[in-house]
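Asker: Just one file: protein01.cif, with mmCIF, C-alpha atoms and all ligand atoms.
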```
data_model
#
loop_
_atom_site.label_atom_id
_atom_site.label_comp_id
_atom_site.auth_asym_id
_atom_site.auth_seq_id
_atom_site.Cartn_x
_atom_site.Cartn_y
_atom_site.Cartn_z
CA MET A 24 -7.74 14.42 3.42
CA ASN A 25 -6.86 10.79 3.00
CA ARG A 26 -5.92 9.88 -0.54
CA ARG A 27 -8.04 6.72 -0.53
CA SER A 28 -11.14 8.82 -0.01
CA PHE A 29 -10.00 11.37 -2.52
CA LEU A 30 -12.43 12.51 -5.17
CA GLN A 31 -12.17 10.00 -7.95
CA THR A 32 -14.21 11.42 -10.76
CA ALA A 33 -13.08 14.14 -13.07
CA SER A 34 -13.96 16.32 -15.95
CA ALA A 35 -11.99 15.68 -19.09
CA ALA A 36 -9.59 18.55 -19.30
CA GLY A 37 -6.05 19.48 -19.99
CA LEU A 38 -5.27 16.83 -22.54
CA ALA A 39 -4.06 19.29 -25.10
CA ALA A 40 -1.11 18.67 -27.34
CA LEU A 41 -1.36 14.90 -27.32
CA SER A 42 -1.59 14.58 -31.06
CA GLN A 43 2.08 15.23 -31.49
CA THR A 44 3.86 12.51 -33.40
CA ARG A 45 7.48 11.57 -33.07
CA LEU A 46 9.87 9.36 -34.89
CA SER A 47 11.04 6.46 -32.79
CA ALA A 48 14.23 4.50 -33.07
CA ALA A 49 13.83 1.12 -34.74
CA PRO A 50 14.43 -1.83 -32.40
CA SER A 51 18.10 -2.54 -32.43
CA PRO A 52 19.83 -5.87 -31.90
CA SER A 53 22.77 -3.91 -30.53
CA ARG A 54 21.04 -2.91 -27.29
CA ALA A 55 23.05 -3.72 -24.16
CA THR A 56 20.09 -3.63 -21.75
CA LYS A 57 19.01 -7.09 -20.58
CA HIS A 58 17.30 -6.18 -17.32
CA VAL A 59 15.03 -3.35 -16.22
CA VAL A 60 14.53 -2.09 -12.69
CA LEU A 61 11.66 0.36 -12.32
CA PHE A 62 11.51 2.39 -9.10
CA THR A 63 8.66 4.78 -8.28
CA SER A 64 7.78 6.86 -5.24
CA ASP A 65 4.20 8.08 -4.98
CA GLY A 66 3.24 11.65 -5.79
CA VAL A 67 6.76 13.12 -5.68
CA ARG A 68 6.45 16.74 -6.82
CA TRP A 69 8.78 17.97 -9.54
CA GLN A 70 9.11 21.08 -7.38
CA ASP A 71 10.79 19.10 -4.58
CA LEU A 72 12.84 16.88 -6.88
CA PHE A 73 14.28 19.74 -8.96
CA THR A 74 14.47 22.56 -6.42
CA GLY A 75 14.77 20.86 -3.02
CA ILE A 76 13.10 22.01 0.19
CA ASP A 77 10.30 24.44 -0.67
CA PRO A 78 10.69 27.94 0.85
CA ALA A 79 6.90 28.36 0.75
CA LEU A 80 6.45 25.34 3.05
CA MET A 81 9.56 25.02 5.16
CA ASN A 82 8.56 27.41 7.95
CA GLU A 83 4.86 26.63 8.03
CA LYS A 84 3.20 25.08 11.04
CA SER A 85 0.23 24.06 8.88
CA ALA A 86 2.65 22.06 6.68
CA GLY A 87 3.99 20.18 9.70
CA MET A 88 7.25 22.14 9.84
CA ALA A 89 6.87 23.83 13.24
CA ASP A 90 9.38 21.57 14.99
CA ALA A 91 11.61 20.82 12.03
CA ALA A 92 14.46 23.26 12.62
CA ALA A 93 17.19 20.64 12.28
CA LEU A 94 15.78 19.36 9.00
CA ARG A 95 15.38 22.91 7.67
CA ASN A 96 18.96 23.76 8.60
CA LYS A 97 20.25 20.63 6.91
CA LEU A 98 18.35 21.11 3.66
CA TRP A 99 18.18 24.88 3.15
CA LYS A 100 20.82 26.28 0.75
CA PRO A 101 20.85 29.50 -1.28
CA THR A 102 20.22 27.98 -4.73
CA PRO A 103 17.78 25.31 -6.04
CA GLU A 104 20.75 23.31 -7.40
CA GLU A 105 22.34 23.15 -3.94
CA ARG A 106 19.02 22.45 -2.22
CA ARG A 107 18.14 19.48 -4.42
CA LYS A 108 21.59 17.97 -3.86
CA ALA A 109 21.19 18.38 -0.12
CA LEU A 110 17.85 16.56 -0.29
CA MET A 111 18.79 13.75 -2.72
CA PRO A 112 22.58 13.65 -3.03
CA PHE A 113 22.93 10.25 -4.69
CA PHE A 114 20.24 10.94 -7.25
CA TRP A 115 21.79 14.27 -8.27
CA ASP A 116 25.51 13.53 -7.92
CA THR A 117 25.59 9.99 -9.33
CA LEU A 118 22.44 8.87 -11.14
CA VAL A 119 21.39 11.93 -13.14
CA PRO A 120 24.84 12.57 -14.71
CA GLN A 121 24.89 8.94 -15.93
CA GLY A 122 21.52 9.13 -17.68
CA ILE A 123 18.73 11.54 -18.49
CA LEU A 124 16.20 13.25 -16.23
CA LEU A 125 13.13 14.81 -17.85
CA GLY A 126 10.52 17.08 -16.31
CA ASN A 127 12.06 20.29 -15.01
CA VAL A 128 9.31 22.67 -16.08
CA LYS A 129 11.46 25.67 -15.19
CA LYS A 130 14.05 24.57 -17.74
CA GLY A 131 11.63 23.81 -20.55
CA SER A 132 11.30 20.05 -20.02
CA SER A 133 7.90 18.48 -19.48
CA VAL A 134 6.56 15.02 -18.65
CA GLN A 135 2.78 14.84 -18.26
CA VAL A 136 0.18 12.37 -17.09
CA THR A 137 -2.42 11.75 -19.83
CA ASN A 138 -5.09 10.00 -17.76
CA ARG A 139 -7.73 12.45 -16.62
CA TYR A 140 -7.79 11.51 -12.93
CA ARG A 141 -4.26 12.20 -11.67
CA VAL A 142 -4.62 9.81 -8.75
CA SER A 143 -2.51 6.75 -8.05
CA TYR A 144 -4.09 3.74 -9.76
CA PRO A 145 -4.59 5.46 -13.13
CA GLY A 146 -1.03 6.81 -12.95
CA TYR A 147 0.60 3.47 -12.16
CA SER A 148 -1.52 1.78 -14.78
CA GLU A 149 -0.40 4.36 -17.34
CA ILE A 150 3.24 3.68 -16.42
CA LEU A 151 2.79 -0.10 -16.54
CA THR A 152 0.62 -0.35 -19.68
CA GLY A 153 1.66 2.63 -21.83
CA ARG A 154 -1.89 3.94 -22.15
CA SER A 155 -4.66 5.65 -20.18
CA GLN A 156 -7.85 3.65 -19.61
CA ASP A 157 -10.17 6.37 -18.35
CA GLU A 158 -13.39 4.46 -18.91
CA VAL A 159 -12.32 1.41 -16.87
CA ILE A 160 -9.81 2.71 -14.32
CA ARG A 161 -11.75 5.61 -12.87
CA GLY A 162 -9.80 6.26 -9.69
CA ASN A 163 -8.46 4.09 -6.91
CA ASP A 164 -11.26 1.51 -6.88
CA PRO A 165 -9.90 -2.06 -6.58
CA VAL A 166 -10.68 -3.34 -10.07
CA GLN A 167 -8.31 -5.78 -11.76
CA ASN A 168 -6.40 -4.08 -14.54
CA PRO A 169 -8.00 -5.25 -17.81
CA THR A 170 -4.67 -4.94 -19.65
CA PRO A 171 -1.55 -7.07 -19.14
CA SER A 172 1.28 -4.85 -17.86
CA PHE A 173 4.50 -4.48 -19.83
CA LEU A 174 6.03 -6.68 -17.11
CA GLN A 175 3.68 -9.47 -18.14
CA PHE A 176 4.49 -8.76 -21.79
CA LEU A 177 8.20 -9.18 -21.01
CA LYS A 178 7.52 -12.42 -19.18
CA ARG A 179 5.60 -13.83 -22.14
CA LYS A 180 7.98 -12.61 -24.86
CA SER A 181 11.07 -13.96 -23.08
CA GLN A 182 9.30 -17.09 -21.78
CA LEU A 183 10.16 -16.35 -18.16
CA THR A 184 8.74 -17.97 -15.05
CA SER A 185 6.53 -15.88 -12.78
CA ASP A 186 9.32 -15.55 -10.18
CA GLN A 187 11.64 -13.90 -12.72
CA VAL A 188 9.48 -10.78 -12.94
CA ALA A 189 8.89 -9.32 -9.47
CA VAL A 190 6.99 -6.40 -7.97
CA PHE A 191 7.49 -5.13 -4.42
CA ALA A 192 5.10 -2.34 -3.44
CA SER A 193 4.10 -0.59 -0.25
CA TRP A 194 0.51 -0.16 -1.49
CA GLU A 195 -1.67 -3.26 -1.58
CA MET A 196 -3.45 -2.12 -4.76
CA PHE A 197 -0.55 -3.39 -6.88
CA HIS A 198 -2.13 -6.84 -6.75
CA HIS A 199 -4.78 -5.27 -8.99
CA ILE A 200 -2.67 -2.78 -10.95
CA ALA A 201 0.37 -4.75 -12.09
CA GLU A 202 -1.26 -7.73 -13.80
CA ASP A 203 -4.54 -8.64 -15.45
CA LYS A 204 -4.33 -12.30 -14.39
CA PRO A 205 -3.68 -12.73 -10.65
CA GLY A 206 -0.54 -14.79 -10.07
CA ASP A 207 1.00 -14.26 -13.51
CA ILE A 208 4.04 -12.47 -12.05
CA PHE A 209 5.46 -12.30 -8.49
CA ILE A 210 3.77 -9.48 -6.56
CA ASN A 211 4.34 -8.62 -2.90
CA ALA A 212 2.28 -5.55 -1.98
CA GLY A 213 0.84 -3.93 1.14
CA TYR A 214 0.95 -5.94 4.35
CA ASP A 215 1.95 -9.14 2.66
CA THR A 216 4.16 -12.05 3.69
CA ALA A 217 6.81 -12.62 1.02
CA LYS A 218 6.87 -16.31 0.06
CA LEU A 219 10.28 -15.91 -1.57
CA PRO A 220 13.16 -16.24 -1.09
CA LYS A 221 12.80 -19.36 1.01
CA ASP A 222 15.28 -20.01 3.82
CA SER A 223 16.16 -16.34 4.24
CA ALA A 224 16.46 -15.10 7.82
CA ARG A 225 16.25 -11.51 6.53
CA THR A 226 12.96 -12.14 4.70
CA ASP A 227 11.52 -14.00 7.70
CA GLU A 228 12.37 -11.08 9.97
CA LEU A 229 10.92 -8.42 7.64
CA ASN A 230 7.81 -10.52 7.10
CA LYS A 231 7.17 -10.33 10.85
CA LEU A 232 8.27 -6.75 11.45
CA GLN A 233 5.99 -5.24 8.79
CA TYR A 234 2.98 -6.23 10.91
CA GLN A 235 4.58 -5.06 14.18
CA ALA A 236 5.51 -1.58 12.94
CA ARG A 237 2.23 -0.35 11.46
CA PHE A 238 1.98 2.64 9.17
CA ILE A 239 -0.78 5.32 9.40
CA GLU A 240 -2.54 3.74 6.41
CA ASP A 241 -4.22 0.34 6.44
CA SER A 242 -3.63 -0.22 2.77
CA SER A 243 0.10 0.44 2.75
CA ARG A 244 3.12 -0.56 4.83
CA HIS A 245 6.32 1.34 5.54
CA ASP A 246 8.61 1.68 2.53
CA ALA A 247 11.51 0.28 4.57
CA PHE A 248 9.86 -3.17 4.56
CA THR A 249 9.09 -2.99 0.86
CA PHE A 250 12.69 -2.11 0.12
CA GLY A 251 14.24 -4.68 2.46
CA LEU A 252 12.12 -7.49 1.02
CA ALA A 253 12.86 -6.36 -2.56
CA MET A 254 16.63 -6.24 -2.03
CA GLU A 255 16.69 -9.67 -0.43
CA TYR A 256 14.69 -11.05 -3.35
CA LEU A 257 17.00 -9.35 -5.85
CA ASP A 258 20.09 -10.77 -4.17
CA LYS A 259 18.82 -14.32 -3.70
CA LEU A 260 16.59 -14.90 -6.73
CA GLN A 261 18.27 -12.65 -9.33
CA PRO A 262 15.05 -11.83 -11.26
CA GLU A 263 15.22 -10.65 -14.87
CA HIS A 264 13.10 -7.57 -14.16
CA LEU A 265 12.09 -5.83 -10.94
CA TYR A 266 9.68 -3.08 -9.95
CA ILE A 267 9.88 -1.37 -6.53
CA SER A 268 7.11 1.04 -5.53
CA PHE A 269 7.28 3.37 -2.50
CA ASP A 270 4.25 5.12 -1.06
CA GLU A 271 5.15 7.27 1.96
CA THR A 272 5.94 10.42 -0.03
CA ASP A 273 2.23 10.60 -0.85
CA ASP A 274 0.77 9.54 2.48
CA TRP A 275 2.75 12.09 4.48
CA ALA A 276 1.86 14.86 2.04
CA HIS A 277 -1.86 14.08 2.40
CA ALA A 278 -1.32 14.24 6.16
CA ARG A 279 0.27 17.71 5.66
CA ARG A 280 3.53 16.51 7.17
CA TYR A 281 6.03 18.11 4.80
CA ASP A 282 8.80 17.23 7.27
CA ARG A 283 8.03 13.53 6.75
CA VAL A 284 7.78 14.03 2.99
CA LEU A 285 11.36 15.32 3.13
CA ASP A 286 12.40 12.39 5.34
CA SER A 287 10.80 9.99 2.86
CA LEU A 288 12.60 11.60 -0.09
CA GLN A 289 15.89 11.18 1.76
CA PHE A 290 15.11 7.50 2.31
CA PHE A 291 14.17 7.16 -1.38
CA ASP A 292 17.61 8.55 -2.22
CA GLU A 293 19.35 6.13 0.16
CA ALA A 294 17.40 3.25 -1.35
CA LEU A 295 18.45 4.31 -4.85
CA ARG A 296 22.06 4.37 -3.66
CA GLU A 297 21.86 0.88 -2.18
CA LEU A 298 20.05 -0.51 -5.22
CA TRP A 299 22.36 1.03 -7.84
CA THR A 300 25.47 0.07 -5.85
CA TYR A 301 24.20 -3.51 -5.75
CA ILE A 302 23.38 -3.54 -9.47
CA GLN A 303 26.76 -2.17 -10.48
CA SER A 304 28.63 -4.66 -8.28
CA SER A 305 26.65 -7.68 -9.51
CA PRO A 306 28.13 -9.94 -12.22
CA LYS A 307 24.64 -10.50 -13.60
CA TYR A 308 23.33 -6.92 -13.64
CA LYS A 309 26.38 -4.67 -14.02
CA ASP A 310 26.29 -2.54 -17.19
CA VAL A 311 23.35 -4.50 -18.64
CA THR A 312 20.60 -3.03 -16.46
CA THR A 313 18.52 0.09 -17.09
CA LEU A 314 17.11 1.85 -14.04
CA VAL A 315 13.93 3.90 -14.54
CA VAL A 316 12.80 6.26 -11.78
CA THR A 317 9.49 8.12 -11.91
CA THR A 318 6.22 8.93 -10.12
CA ASP A 319 2.48 8.38 -10.63
CA HIS A 320 1.22 11.98 -10.42
CA GLY A 321 2.23 15.47 -9.34
CA ARG A 322 0.49 17.60 -6.72
CA GLY A 323 -0.23 21.21 -5.85
CA SER A 324 2.42 23.91 -5.69
CA THR A 325 1.16 26.09 -2.82
CA LEU A 326 0.88 25.89 0.97
CA ASP A 327 -2.83 25.34 0.45
CA ASP A 328 -2.67 22.51 -2.09
CA PHE A 329 0.77 20.86 -1.93
CA SER A 330 -0.89 18.07 0.05
CA GLY A 331 -3.42 17.25 -2.67
CA HIS A 332 -3.74 16.10 -6.24
CA GLY A 333 -6.52 15.06 -8.59
CA PRO A 334 -8.77 16.92 -11.00
CA LYS A 335 -9.23 20.02 -8.85
CA ILE A 336 -5.54 20.71 -8.27
CA PRO A 337 -3.80 22.81 -10.96
CA GLY A 338 -0.45 21.61 -12.27
CA ASP A 339 -0.54 18.10 -10.85
CA GLU A 340 -0.33 16.56 -14.34
CA GLN A 341 3.36 17.50 -14.40
CA ILE A 342 5.60 14.60 -13.42
CA TRP A 343 9.23 13.62 -14.16
CA ALA A 344 11.15 10.54 -15.26
CA ALA A 345 14.79 9.40 -15.20
CA PHE A 346 16.46 6.70 -17.31
CA ILE A 347 19.94 5.43 -16.43
CA GLY A 348 21.56 2.56 -18.30
CA PRO A 349 23.82 1.40 -21.11
CA ASP A 350 21.45 2.43 -23.93
CA THR A 351 20.61 5.92 -22.66
CA PRO A 352 22.87 8.90 -23.40
CA ALA A 353 24.44 10.49 -20.33
CA THR A 354 22.99 13.92 -20.97
CA GLY A 355 21.83 14.60 -17.41
CA GLU A 356 19.05 17.05 -16.62
CA ALA A 357 17.08 17.81 -19.78
CA SER A 358 16.30 21.37 -20.80
CA ASN A 359 14.25 22.74 -23.70
CA SER A 360 13.29 19.19 -24.71
CA ALA A 361 10.24 17.86 -26.55
CA SER A 362 7.27 17.19 -24.27
CA CYS A 363 6.74 13.59 -23.31
CA TYR A 364 4.12 11.65 -21.42
CA GLN A 365 3.65 9.06 -18.70
CA ARG A 366 2.35 6.60 -21.30
CA ASP A 367 5.72 6.82 -23.11
CA ILE A 368 7.60 5.13 -20.24
CA ALA A 369 6.58 1.53 -21.03
CA PRO A 370 7.36 1.75 -24.78
CA THR A 371 10.68 3.43 -23.94
CA ILE A 372 11.57 0.50 -21.67
CA LEU A 373 10.64 -2.02 -24.37
CA ASP A 374 12.75 -0.12 -26.90
CA LEU A 375 15.71 -0.04 -24.49
CA LEU A 376 15.41 -3.84 -24.21
CA GLY A 377 15.67 -4.06 -28.00
CA MET A 378 12.03 -5.08 -28.42
CA ASP A 379 9.49 -3.84 -30.92
CA TYR A 380 7.07 -1.93 -28.71
CA HIS A 381 4.34 -2.14 -31.38
CA GLN A 382 3.98 -5.81 -30.46
CA TYR A 383 2.67 -4.73 -27.04
CA GLY A 384 -0.95 -4.54 -28.14
CA GLY A 385 -2.85 -1.30 -27.65
CA VAL A 386 0.12 0.71 -26.42
CA ALA A 387 -0.56 4.43 -26.93
CA GLY A 388 2.79 5.98 -26.02
CA GLN A 389 6.01 6.06 -27.98
CA PRO A 390 9.66 5.67 -27.02
CA ILE A 391 11.14 8.95 -25.77
CA PRO A 392 13.85 9.78 -28.34
CA ALA A 393 16.09 11.58 -25.84
CA ALA A 394 16.18 8.51 -23.57
CA VAL A 395 17.36 6.11 -26.27
CA ARG A 396 20.82 6.12 -27.80
ZN ZN B 1 -0.32 8.42 -5.94
#
```
Any chance you could put this one into C-alpha cells?
Answerer:
Amino acid sequence: MNRRSFLQTASAAGLAALSQTRLSAAPSPSRATKHVVLFTSDGVRWQDLFTGIDPALMNEKSAGMADAAALRNKLWKPTPEERRKALMPFFWDTLVPQGILLGNVKKGSSVQVTNRYRVSYPGYSEILTGRSQDEVIRGNDPVQNPTPSFLQFLKRKSQLTSDQVAVFASWEMFHHIAEDKPGDIFINAGYDTAKLPKDSARTDELNKLQYQARFIEDSSRHDAFTFGLAMEYLDKLQPEHLYISFDETDDWAHARRYDRVLDSLQFFDEALRELWTYIQSSPKYKDVTTLVVTTDHGRGSTLDDFSGHGPKIPGDEQIWAAFIGPDTPATGEASNSASCYQRDIAPTILDLLGMDYHQYGGVAGQPIPAAVR
C-alpha cells in the first residue's frame, strides 16, 4: 500500500503517560551551540536502527529479500550490536559515542510520537513545532501548517534572512509542513529546482538530474538529489540552521522492498558521515553545531506489518532521537532513561541554543534533560 493513500483517520488511543512533568534546565548564556542541523529519514524503525538487519525479514521473498544474498551476507552478524554497526557504521562508531541516542526499547529507553495518526505530516509537524495538532493536521492532506515552525521562530528571534534558515526535503509536502507563511524560510522539497546557490555547476547539474532520474513516487525525489543540493547550499551559503529530510526509507518499506530499505539506511549513514565531516572541518560550524537525527514515526515489527504504520499498526508510536553537539553529554546509547516524546525535540533544540523555549508560543514539549549538559 502506498503511504499517500494510507488511512488517515484514527481513534484516539495510546496517549497514556503524557502527564509526566520534568524539570528543565534554565536557558544558559554559556551554551556553545550556535547552529543546528536537523536530519531525518522517514519511518526508520527503531528495530533496524538498534539491532541491524532483521532476522524475521532477511530471508523472506515477500519482504523483497529473495535475491539479496550479497546484502544479507554483508549485514548479518551474530549479535545486534555487530549487526547495527555493519548497517550504519558511522552512526554507531562515531556519532553515537559523541552524543546521546534515545529510544532503544529493549534497553529501557523510549521516545514516542504523541500525535494520534502516526503518519508523516503529523510526525514532522510534531518535530518542527513541539506539539501535536490532531484537530487540524489529520493525516497527509496538503494543508498549510497553522503554526510557525521552530525554524521560523529561530529566524525571527535572531533576525535572520530567509536564506539563512534552509530546508531540503525529498518529499514535496515540506512546503506545507515547515512554515505557516509560504516563503518565510528557504525550502527546496520534492521535484524542485533549487534557486540557490547561484552560479554553482553542481546545483545546476542536480537540478536537471532530479527530473531525469525519477523515483517510484510522484511526490518525492531520490534522497541523493536532496542531499547533494543541501550540501552544496551548506558549503556555498553557510546558513545558520539547516534541515535535511530523506524519504526513501519509508517508500521502499511500503513497497515491501526491505533490501532497498537497507540500502537507503546505508546511504543515510554515508550522508551523515559526509555532513558531520564537513561540519567538523568548517571554521564556521566546527564545535558550535548541534546535529539532531530522528524520524517521523515507527512502523510494524513483523513480516506482515513492517511495511506499514498508522493507527492500526501496533508499536509504531516508538521512535528514536540522537543529539550530538557541544552542549550534549557524550553518554552514547541511553538505557533505563525517562520516557520522552517527539514534541520534546523542538524545545530541546531551543534550549541547546541557549534560548528560552517558553517564548515559542504554544509549545507542548519540554527539553529532554539527558540531552542537555
Ligand atoms: Zn513518514
Asker: Which residues form the shell of 7 Å around ligand ZN 1 (chain B) when you count all atoms listed in the file, given as a ChimeraX atom specification?
Answerer: /A:65-66,142-143,273,319-320
Asker: Please determine, counting all atoms listed in the file, which residue among A:Leu232, A:Ala217, A:Ala361, A:Val311 has the shortest atom-to-atom distance to Val59 of chain A.
Answerer: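 Ranking A:Leu232, A:Ala217, A:Ala361, A:Val311 by distance to Val59 of chain A, first place goes to A:Val311.
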Asker: Compile the contact shell of Thr226 of chain A as a list in words: residues with an atom at most 7 Å away, counting all atoms listed in the file, same-chain residues fewer than 3 positions apart removed.
Answerer: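 Contacts, with the query itself left out: Ser223, Leu229, Asn230, Leu252 and Glu255 of chain A.
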Asker: Report as a PDB file with C-alpha atoms, in the frame of the given file all protein, DNA and RNA residues lying within 10 Å of Thr317 of chain A, evaluated on only C-alpha atoms, omitting residues in the same chain fewer than 5 positions from it.
Answerer:
```
ATOM      1  CA  LEU A  61      11.660   0.360 -12.320  1.00  0.00           C
ATOM      2  CA  PHE A  62      11.510   2.390  -9.100  1.00  0.00           C
ATOM      3  CA  THR A  63       8.660   4.780  -8.280  1.00  0.00           C
ATOM      4  CA  SER A  64       7.780   6.860  -5.240  1.00  0.00           C
ATOM      5  CA  ASP A  65       4.200   8.080  -4.980  1.00  0.00           C
ATOM      6  CA  GLY A  66       3.240  11.650  -5.790  1.00  0.00           C
ATOM      7  CA  VAL A  67       6.760  13.120  -5.680  1.00  0.00           C
ATOM      8  CA  LEU A 124      16.200  13.250 -16.230  1.00  0.00           C
ATOM      9  CA  LEU A 125      13.130  14.810 -17.850  1.00  0.00           C
ATOM     10  CA  ILE A 150       3.240   3.680 -16.420  1.00  0.00           C
ATOM     11  CA  SER A 268       7.110   1.040  -5.530  1.00  0.00           C
ATOM     12  CA  ILE A 342       5.600  14.600 -13.420  1.00  0.00           C
ATOM     13  CA  TRP A 343       9.230  13.620 -14.160  1.00  0.00           C
ATOM     14  CA  ALA A 344      11.150  10.540 -15.260  1.00  0.00           C
ATOM     15  CA  ALA A 345      14.790   9.400 -15.200  1.00  0.00           C
ATOM     16  CA  PHE A 346      16.460   6.700 -17.310  1.00  0.00           C
ATOM     17  CA  GLN A 365       3.650   9.060 -18.700  1.00  0.00           C
ATOM     18  CA  ILE A 368       7.600   5.130 -20.240  1.00  0.00           C
TER      19      ILE A 368
END
```
Asker: As an exercise, work out the distance from atom CA of Gly348 of chain A to atom CA of Lys259 of chain A in Å and give it to one decimal place.
Answerer: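 Computed distance, atom CA of Gly348 of chain A to atom CA of Lys259 of chain A, equals 22.5 Å.
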Asker: Quick one: everything within 7 Å of Asp367 of chain A, counting all atoms listed in the file, minus sequence neighbours fewer than 2 positions away in the same chain. Send it as a list of chain:residue names.
Answerer: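 So, after excluding close chain neighbours, the residues are A:Gly153, A:Cys363, A:Tyr364, A:Gln365, A:Ala369, A:Pro370, A:Thr371, A:Gly388, A:Gln389, A:Pro390, A:Ile391.
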Asker: Could you turn the residues from that selection into a file that holds C-alpha atoms, as a JSON list (two decimals), in the frame of the given file?
Answerer:
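File written: out.json
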```json
[["chain", "number", "residue", "atom", "x", "y", "z"],
["A", 153, "GLY", "CA", 1.66, 2.63, -21.83],
["A", 363, "CYS", "CA", 6.74, 13.59, -23.31],
["A", 364, "TYR", "CA", 4.12, 11.65, -21.42],
["A", 365, "GLN", "CA", 3.65, 9.06, -18.70],
["A", 369, "ALA", "CA", 6.58, 1.53, -21.03],
["A", 370, "PRO", "CA", 7.36, 1.75, -24.78],
["A", 371, "THR", "CA", 10.68, 3.43, -23.94],
["A", 388, "GLY", "CA", 2.79, 5.98, -26.02],
["A", 389, "GLN", "CA", 6.01, 6.06, -27.98],
["A", 390, "PRO", "CA", 9.66, 5.67, -27.02],
["A", 391, "ILE", "CA", 11.14, 8.95, -25.77]]
```
Asker: If you measure from atom CA of Val284 of chain A to atom CA of Gly75 of chain A, what distance in Å do you get, rounded to one decimal?
Answerer: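 Spanning atom CA of Val284 of chain A to atom CA of Gly75 of chain A is a straight-line distance of 11.5 Å.
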Asker: Can you work out the spacing between atom CA of Thr318 of chain A and atom CA of Thr272 of chain A in Å, to one decimal?
Answerer: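 Interatomic distance here is 10.2 Å.
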Asker: Report as an NGL selection string all protein, DNA and RNA residues lying within 10 Å of Lys178 of chain A, evaluated on only C-alpha atoms, omitting residues in the same chain fewer than 5 positions from it.
Answerer: :A and (172-173 or 183-188 or 207-208 or 263-264)
Asker: So which one's closest to Gly131 of chain A, A:Lys97, A:Asp71, A:Ala387, A:Glu356? Using only C-alpha atoms, please.
Answerer: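 Nearest candidate to Gly131 of chain A out of A:Lys97, A:Asp71, A:Ala387, A:Glu356: A:Glu356.
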Asker: Write out as a ChimeraX atom specification which residues come within 7 Å of segment 156-168 of chain A when counting all atoms listed in the file, dropping same-chain ones fewer than 2 positions away.
Answerer: /A:27,31-32,138-140,142-145,154,170,196,199-200,202-203
Asker: Counting only C-alpha atoms, which residues in segment 180-231 of chain A sit no more than 6 Å from segment 244-251 of chain A? For each one, give the nearest pair of atoms and the distance in Å, sorted by chain then residue number, as JSON lines.
Answerer:
```
{"residue": "A:Phe191", "atom": "CA", "partner": "A:Thr249", "partner_atom": "CA", "distance": 5.9}
{"residue": "A:Ala192", "atom": "CA", "partner": "A:Thr249", "partner_atom": "CA", "distance": 5.9}
{"residue": "A:Ser193", "atom": "CA", "partner": "A:Arg244", "partner_atom": "CA", "distance": 5.2}
{"residue": "A:Gly213", "atom": "CA", "partner": "A:Arg244", "partner_atom": "CA", "distance": 5.5}
{"residue": "A:Tyr214", "atom": "CA", "partner": "A:Arg244", "partner_atom": "CA", "distance": 5.8}
```
Asker: In terms of the shortest atom-to-atom distance over all atoms listed in the file, which of A:Ser360, A:Ser243, A:Gln261, A:Gln70 is closest to Arg106 of chain A?
Answerer: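 The shortest atom-to-atom distance to Arg106 of chain A comes from A:Gln70.
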Asker: Which is closer to Ala86 of chain A than all the others in A:Lys130, A:Lys309, A:Arg296, A:Arg280, using all atoms listed in the file?
Answerer: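 Smallest distance to Ala86 of chain A is found for A:Arg280.
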